[in-house]
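Undergrad: Structure file start.tsv, TSV, C-alpha atoms, is pasted below:
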chain	number	residue	atom	x	y	z
N	1	MET	CA	55.81	123.50	-16.75
N	2	ARG	CA	55.76	119.87	-15.60
N	3	GLN	CA	59.14	118.20	-15.61
N	4	ILE	CA	59.43	114.84	-17.35
N	5	LYS	CA	61.71	112.41	-15.63
N	6	LEU	CA	63.92	110.73	-18.17
N	7	PRO	CA	64.86	107.10	-17.69
N	8	HIS	CA	68.25	106.56	-16.18
N	9	LEU	CA	70.92	106.12	-18.83
N	10	PRO	CA	74.03	104.26	-17.74
N	11	SER	CA	77.18	106.25	-17.70
N	12	ASP	CA	80.34	105.08	-19.43
N	13	VAL	CA	81.68	104.04	-16.03
N	14	GLU	CA	78.59	101.94	-15.33
N	15	GLU	CA	78.77	100.31	-18.77
N	16	ARG	CA	82.40	99.42	-18.26
N	17	LYS	CA	81.55	98.02	-14.83
N	18	SER	CA	78.77	95.90	-16.34
N	19	ASP	CA	81.07	94.59	-19.06
N	20	LEU	CA	83.70	93.77	-16.47
N	21	MET	CA	81.20	91.80	-14.38
N	22	THR	CA	80.09	89.87	-17.47
N	23	ASP	CA	83.70	89.06	-18.36
N	24	LEU	CA	84.39	87.89	-14.83
N	25	TRP	CA	81.30	85.66	-14.91
N	26	TYR	CA	82.39	83.97	-18.13
N	27	LYS	CA	85.94	83.56	-16.88
N	28	GLY	CA	84.56	82.04	-13.69
N	29	LYS	CA	82.55	79.55	-15.72
N	30	GLU	CA	85.59	78.65	-17.84
N	31	THR	CA	87.69	78.15	-14.70
N	32	LYS	CA	84.99	75.94	-13.17
N	33	ILE	CA	84.85	73.79	-16.32
N	34	LYS	CA	88.65	73.42	-16.32
N	35	GLN	CA	88.60	72.53	-12.62
N	36	ASP	CA	85.87	69.93	-13.21
N	37	LYS	CA	87.91	68.35	-16.02
N	38	GLN	CA	91.04	68.39	-13.90
N	39	GLU	CA	89.16	66.84	-10.98
N	40	GLN	CA	87.81	64.15	-13.31
N	41	ARG	CA	91.36	63.27	-14.38
N	42	ILE	CA	92.52	63.16	-10.76
N	43	GLN	CA	89.65	60.83	-9.79
N	44	MET	CA	90.31	58.54	-12.75
N	45	LYS	CA	92.31	55.66	-11.32
N	46	ASN	CA	94.01	53.59	-14.01
N	47	ILE	CA	95.58	50.53	-12.38
N	48	VAL	CA	98.21	48.11	-13.69
N	49	ILE	CA	97.74	44.79	-11.89
N	50	PHE	CA	100.92	42.78	-11.93
N	51	GLY	CA	102.04	39.34	-10.88
N	52	ALA	CA	103.17	35.90	-11.99
N	53	PRO	CA	100.76	33.35	-13.49
N	54	GLY	CA	98.53	32.08	-10.68
N	55	SER	CA	99.04	35.13	-8.45
N	56	GLY	CA	95.32	35.96	-8.45
N	57	LYS	CA	95.22	38.90	-10.86
N	58	GLY	CA	91.90	37.84	-12.40
N	59	THR	CA	90.18	37.26	-9.06
N	60	GLN	CA	91.35	40.55	-7.55
N	61	SER	CA	90.49	42.42	-10.77
N	62	ASP	CA	86.90	41.14	-10.49
N	63	LEU	CA	86.70	42.44	-6.92
N	64	MET	CA	88.06	45.85	-7.95
N	65	ILE	CA	85.59	46.07	-10.83
N	66	GLU	CA	82.69	45.27	-8.51
N	67	HIS	CA	83.79	47.62	-5.72
N	68	TYR	CA	85.09	50.63	-7.68
N	69	GLY	CA	83.26	50.35	-11.01
N	70	LEU	CA	86.53	50.21	-12.94
N	71	GLY	CA	86.85	49.01	-16.51
N	72	HIS	CA	89.01	46.00	-17.32
N	73	ILE	CA	91.38	45.42	-20.22
N	74	SER	CA	92.83	41.92	-20.44
N	75	THR	CA	95.22	41.65	-23.37
N	76	GLY	CA	94.28	38.02	-23.99
N	77	ASP	CA	90.56	38.77	-24.09
N	78	VAL	CA	91.09	41.91	-26.19
N	79	LEU	CA	93.12	40.05	-28.81
N	80	ARG	CA	90.60	37.23	-29.02
N	81	ASN	CA	87.73	39.69	-29.46
N	82	GLU	CA	89.50	41.71	-32.15
N	83	ILE	CA	90.33	38.51	-34.08
N	84	LYS	CA	86.84	37.05	-33.57
N	85	ASN	CA	85.18	40.27	-34.80
N	86	GLY	CA	87.43	40.42	-37.84
N	87	THR	CA	88.60	43.99	-37.26
N	88	GLU	CA	91.56	45.34	-39.22
N	89	LEU	CA	93.67	45.30	-36.08
N	90	GLY	CA	92.50	41.76	-35.38
N	91	LYS	CA	93.41	40.60	-38.88
N	92	THR	CA	96.87	42.13	-38.54
N	93	ALA	CA	97.35	40.47	-35.15
N	94	GLN	CA	96.23	37.11	-36.58
N	95	SER	CA	98.81	37.36	-39.35
N	96	PHE	CA	101.60	37.56	-36.76
N	97	ILE	CA	100.13	34.71	-34.72
N	98	ASP	CA	99.79	32.49	-37.80
N	99	LYS	CA	103.49	32.94	-38.51
N	100	GLY	CA	104.39	32.07	-34.93
N	101	ASN	CA	105.61	35.61	-34.23
N	102	LEU	CA	104.99	37.79	-31.19
N	103	ILE	CA	102.63	40.69	-31.74
N	104	PRO	CA	104.69	43.93	-32.02
N	105	ASP	CA	104.36	46.41	-29.19
N	106	ASP	CA	103.10	49.21	-31.47
N	107	LEU	CA	100.26	46.98	-32.74
N	108	MET	CA	99.35	45.88	-29.22
N	109	ILE	CA	99.26	49.45	-27.93
N	110	SER	CA	97.06	50.46	-30.89
N	111	ILE	CA	94.60	47.72	-29.99
N	112	LEU	CA	94.62	48.72	-26.31
N	113	ALA	CA	94.18	52.41	-27.20
N	114	LYS	CA	91.09	51.55	-29.23
N	115	VAL	CA	89.57	49.58	-26.36
N	116	TYR	CA	90.54	52.26	-23.83
N	117	ASP	CA	88.88	54.99	-25.91
N	118	ASP	CA	85.68	52.93	-26.07
N	119	PHE	CA	85.22	53.52	-22.32
N	120	GLY	CA	84.66	57.21	-23.07
N	121	ARG	CA	85.90	60.22	-21.12
N	122	GLY	CA	83.75	59.79	-18.02
N	123	HIS	CA	85.04	56.42	-16.83
N	124	LYS	CA	86.39	55.91	-13.32
N	125	GLY	CA	89.53	54.15	-14.44
N	126	VAL	CA	90.71	50.97	-16.12
N	127	ILE	CA	92.57	47.90	-14.87
N	128	PHE	CA	95.33	46.83	-17.26
N	129	ASP	CA	95.69	43.07	-16.85
N	130	GLY	CA	98.47	41.30	-18.74
N	131	PHE	CA	99.96	44.52	-20.09
N	132	PRO	CA	102.59	45.84	-19.89
N	133	ARG	CA	104.94	42.84	-19.77
N	134	THR	CA	108.16	44.68	-20.66
N	135	ILE	CA	109.67	48.10	-19.98
N	136	PRO	CA	109.16	49.28	-23.61
N	137	GLN	CA	105.49	48.34	-23.28
N	138	ALA	CA	105.25	50.29	-20.00
N	139	GLU	CA	106.76	53.32	-21.72
N	140	ALA	CA	104.33	52.94	-24.64
N	141	LEU	CA	101.36	52.71	-22.25
N	142	LYS	CA	102.53	55.81	-20.40
N	143	GLN	CA	102.76	57.74	-23.68
N	144	MET	CA	99.36	56.52	-24.92
N	145	LEU	CA	97.65	57.65	-21.71
N	146	SER	CA	99.57	60.93	-21.63
N	147	GLU	CA	98.31	61.78	-25.13
N	148	ARG	CA	94.80	61.59	-23.65
N	149	GLY	CA	95.64	63.62	-20.56
N	150	ASP	CA	95.55	60.48	-18.40
N	151	LYS	CA	98.08	58.36	-16.52
N	152	VAL	CA	98.63	55.16	-14.57
N	153	ALA	CA	97.70	55.88	-10.95
N	154	ALA	CA	99.26	52.75	-9.45
N	155	MET	CA	100.98	49.48	-10.30
N	156	ILE	CA	99.81	46.81	-7.87
N	157	GLU	CA	102.10	43.78	-7.59
N	158	LEU	CA	100.65	40.55	-6.21
N	159	ASP	CA	103.64	38.70	-4.75
N	160	VAL	CA	103.21	34.94	-4.22
N	161	PRO	CA	106.00	32.41	-3.46
N	162	GLU	CA	106.86	30.17	-6.42
N	163	ASP	CA	105.97	26.91	-4.68
N	164	GLU	CA	102.50	28.26	-3.94
N	165	LEU	CA	102.14	29.42	-7.56
N	166	MET	CA	102.97	25.89	-8.71
N	167	THR	CA	100.37	24.39	-6.37
N	168	ARG	CA	97.67	26.85	-7.48
N	169	LEU	CA	98.30	26.38	-11.20
N	170	ILE	CA	98.47	22.58	-11.06
N	171	LYS	CA	95.20	22.55	-9.10
N	172	ARG	CA	93.67	24.94	-11.65
N	173	GLY	CA	94.75	22.63	-14.46
N	174	GLN	CA	93.18	19.62	-12.76
N	175	GLU	CA	89.90	21.48	-12.24
N	176	SER	CA	89.69	23.21	-15.62
N	177	GLY	CA	91.44	20.71	-17.85
N	178	ARG	CA	93.76	23.42	-19.23
N	179	ALA	CA	96.58	21.66	-21.06
N	180	ASP	CA	99.09	24.42	-20.30
N	181	ASP	CA	98.66	24.07	-16.54
N	182	ASN	CA	101.11	21.18	-16.13
N	183	GLU	CA	104.32	21.29	-14.09
N	184	GLU	CA	106.76	21.51	-17.02
N	185	THR	CA	104.87	24.31	-18.80
N	186	ILE	CA	104.31	26.21	-15.55
N	187	LYS	CA	108.05	26.19	-14.79
N	188	LYS	CA	108.78	27.62	-18.25
N	189	ARG	CA	106.16	30.35	-17.80
N	190	LEU	CA	107.64	31.33	-14.45
N	191	VAL	CA	111.16	31.49	-15.93
N	192	VAL	CA	109.84	33.84	-18.65
N	193	TYR	CA	108.08	35.93	-16.01
N	194	HIS	CA	111.16	36.33	-13.82
N	195	SER	CA	113.55	37.06	-16.70
N	196	GLN	CA	111.44	39.32	-18.92
N	197	THR	CA	108.65	40.81	-16.84
N	198	GLN	CA	109.95	41.23	-13.30
N	199	PRO	CA	112.27	44.15	-14.27
N	200	LEU	CA	109.04	46.17	-14.60
N	201	ILE	CA	108.90	46.25	-10.81
N	202	GLU	CA	112.05	48.37	-10.68
N	203	TRP	CA	110.78	50.59	-13.53
N	204	TYR	CA	107.52	51.30	-11.71
N	205	LYS	CA	109.41	51.88	-8.46
N	206	GLN	CA	111.37	54.63	-10.23
N	207	GLU	CA	108.05	56.05	-11.46
N	208	GLY	CA	106.85	56.13	-7.84
N	209	LEU	CA	103.84	53.93	-8.72
N	210	HIS	CA	104.81	50.49	-7.38
N	211	HIS	CA	102.75	48.98	-4.55
N	212	HIS	CA	103.68	45.56	-3.14
N	213	ILE	CA	100.85	43.31	-1.98
N	214	ASN	CA	101.35	39.99	-0.21
N	215	GLY	CA	99.36	37.71	-2.51
N	216	SER	CA	99.20	34.80	-0.06
N	217	GLY	CA	96.33	34.44	2.39
N	218	THR	CA	92.60	34.99	2.24
N	219	LEU	CA	90.95	36.85	-0.66
N	220	GLU	CA	89.41	39.27	1.84
N	221	ARG	CA	92.75	40.24	3.40
N	222	ILE	CA	94.45	40.62	0.01
N	223	PHE	CA	91.63	42.78	-1.34
N	224	SER	CA	91.64	44.87	1.85
N	225	ASP	CA	95.31	45.67	1.23
N	226	ILE	CA	94.52	46.57	-2.39
N	227	GLN	CA	91.72	48.86	-1.21
N	228	LYS	CA	94.14	50.76	1.02
N	229	VAL	CA	96.33	51.42	-2.04
N	230	ILE	CA	93.50	52.53	-4.33
N	231	ASP	CA	91.80	54.67	-1.68
N	232	GLY	CA	95.11	56.39	-1.00
N	233	ILE	CA	95.84	57.51	-4.57
Starting from the file, lay out its structure as structure tokens.
TA:
Amino acid sequence: MRQIKLPHLPSDVEERKSDLMTDLWYKGKETKIKQDKQEQRIQMKNIVIFGAPGSGKGTQSDLMIEHYGLGHISTGDVLRNEIKNGTELGKTAQSFIDKGNLIPDDLMISILAKVYDDFGRGHKGVIFDGFPRTIPQAEALKQMLSERGDKVAAMIELDVPEDELMTRLIKRGQESGRADDNEETIKKRLVVYHSQTQPLIEWYKQEGLHHHINGSGTLERIFSDIQKVIDGI
């Protein structure tokens, strides 16, 4: 009688081995996805650029945007856009401005959070220009980013002597016609900066995020120093 060869049927051991291999494959994929997300967060470089009026924050921000592809959030521009577009946040902000009041920190952080979220999850990082100005604002920014799994990677301080700031701002006023760039107004702005905003330097030092940059000299040398900071974080 001719024998019929039956197809091989997997044993219980082989089935368990196959299931185990499948489980390991899926776990490997999940781990890879988590690693990719973690790597994305590590590569995201959110920068706080800091300095007195006339220290060159706008100019250096433009260079960072061009070189690193970073986003840019300027509180002044953001507020103007929200008000111009008639958003609910913009209307609320306008109501405070109309009464001559400062915009509350919680409203400002809500506006910044909205703009930050508009960059999406795949962005390379954002430059915060003009915010924070106080320690409570810095704490609020830290919390807002933390809720999204993000953080500030560095606070870059552009340090320029006061006499040079005066010269720069007066020259800017002459060239642009800006009414607030006169000697009396500039002095008041610098007093506000030193009394209210400069304590942020110590706060960011305690956070281990402060980086001092000599803001005097050529744009190329200043930006080269900034690059060393960003490339090292």
Undergrad: Would you list the residues near (102.4, 54.2, -17.5) (no more than 7 Å away, in the coordinates of the file, using all atoms listed in the file) as JSON, numbers by chain?
TA: {"N": [138, 139, 141, 142, 151, 152]}
Undergrad: Rounded to one decimal place, report the atom CA of N:Lys124-atom CA of N:Met44 distance in Å.
TA: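 Distance reported for this atom pair: 4.8 Å.
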Undergrad: Give me, please, the distance in Å between atom CA of N:Met108 and atom CA of N:Thr87, quoted to one decimal.
TA: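 Calculated distance between atom CA of N:Met108 and atom CA of N:Thr87 is 13.6 Å.
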Undergrad: Mind pulling up the distance from atom CA of N:Thr197 to atom CA of N:Thr92?
TA: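 Answer for the atom CA of N:Thr92 to atom CA of N:Thr197 separation: 24.7 Å.
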Undergrad: Need to verify the contact set: stretch 168-174 of chain N, 12 Å, only C-alpha atoms, exclusion of same-chain residues closer than 3 positions in sequence. Can you return it as a PDB file with C-alpha atoms, keeping the file's coordinate frame?
TA:
ATOM      1  CA  ALA N  52     103.170  35.900 -11.990  1.00  0.00           C
ATOM      2  CA  PRO N  53     100.760  33.350 -13.490  1.00  0.00           C
ATOM      3  CA  GLY N  54      98.530  32.080 -10.680  1.00  0.00           C
ATOM      4  CA  SER N  55      99.040  35.130  -8.450  1.00  0.00           C
ATOM      5  CA  GLY N  56      95.320  35.960  -8.450  1.00  0.00           C
ATOM      6  CA  VAL N 160     103.210  34.940  -4.220  1.00  0.00           C
ATOM      7  CA  PRO N 161     106.000  32.410  -3.460  1.00  0.00           C
ATOM      8  CA  GLU N 162     106.860  30.170  -6.420  1.00  0.00           C
ATOM      9  CA  ASP N 163     105.970  26.910  -4.680  1.00  0.00           C
ATOM     10  CA  GLU N 164     102.500  28.260  -3.940  1.00  0.00           C
ATOM     11  CA  LEU N 165     102.140  29.420  -7.560  1.00  0.00           C
ATOM     12  CA  GLY N 177      91.440  20.710 -17.850  1.00  0.00           C
ATOM     13  CA  ARG N 178      93.760  23.420 -19.230  1.00  0.00           C
ATOM     14  CA  ALA N 179      96.580  21.660 -21.060  1.00  0.00           C
ATOM     15  CA  ASP N 180      99.090  24.420 -20.300  1.00  0.00           C
ATOM     16  CA  ASP N 181      98.660  24.070 -16.540  1.00  0.00           C
ATOM     17  CA  ASN N 182     101.110  21.180 -16.130  1.00  0.00           C
ATOM     18  CA  GLU N 183     104.320  21.290 -14.090  1.00  0.00           C
ATOM     19  CA  GLU N 184     106.760  21.510 -17.020  1.00  0.00           C
ATOM     20  CA  THR N 185     104.870  24.310 -18.800  1.00  0.00           C
ATOM     21  CA  ILE N 186     104.310  26.210 -15.550  1.00  0.00           C
ATOM     22  CA  LYS N 187     108.050  26.190 -14.790  1.00  0.00           C
ATOM     23  CA  ARG N 189     106.160  30.350 -17.800  1.00  0.00           C
ATOM     24  CA  LEU N 190     107.640  31.330 -14.450  1.00  0.00           C
ATOM     25  CA  SER N 216      99.200  34.800  -0.060  1.00  0.00           C
TER      26      SER N 216
END
Undergrad: Using only C-alpha atoms, which of the listed residues (N:Glu220, N:Asp225, N:Glu157, N:Glu147) sits closest to N:Gln198?
TA: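 The answer is N:Glu157, which sits nearest to N:Gln198.
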Undergrad: Please determine, counting all atoms listed in the file, which residue among N:His72, N:Lys45, N:His210, N:His194 has the shortest atom-to-atom distance to N:Gly130.
TA: N:His72
Undergrad: Quick one: everything within 12 Å of N:Gly71, counting only C-alpha atoms, minus sequence neighbours fewer than 5 positions away in the same chain. Send it as a ChimeraX atom specification.
TA: /N:44-48,61-66,115-120,122-129
Undergrad: Skipping near chain neighbours, those fewer than 4 positions away, what residues fall within 12 Å of N:Ile83 using all atoms listed in the file, listed as a list of chain:residue names?
TA: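 After dropping sequence-adjacent residues, the list is N:Gly76, N:Asp77, N:Val78, N:Leu79, N:Thr87, N:Glu88, N:Leu89, N:Gly90, N:Lys91, N:Thr92, N:Ala93, N:Gln94, N:Ser95, N:Phe96, N:Ile97, N:Asp98, N:Ile111.
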Undergrad: Quick one: of N:Glu202, N:His67, N:Arg148, N:Lys99, who's nearest to N:Ala113, counting only C-alpha atoms?
TA: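 Among the listed residues, the smallest separation from N:Ala113 belongs to N:Arg148.
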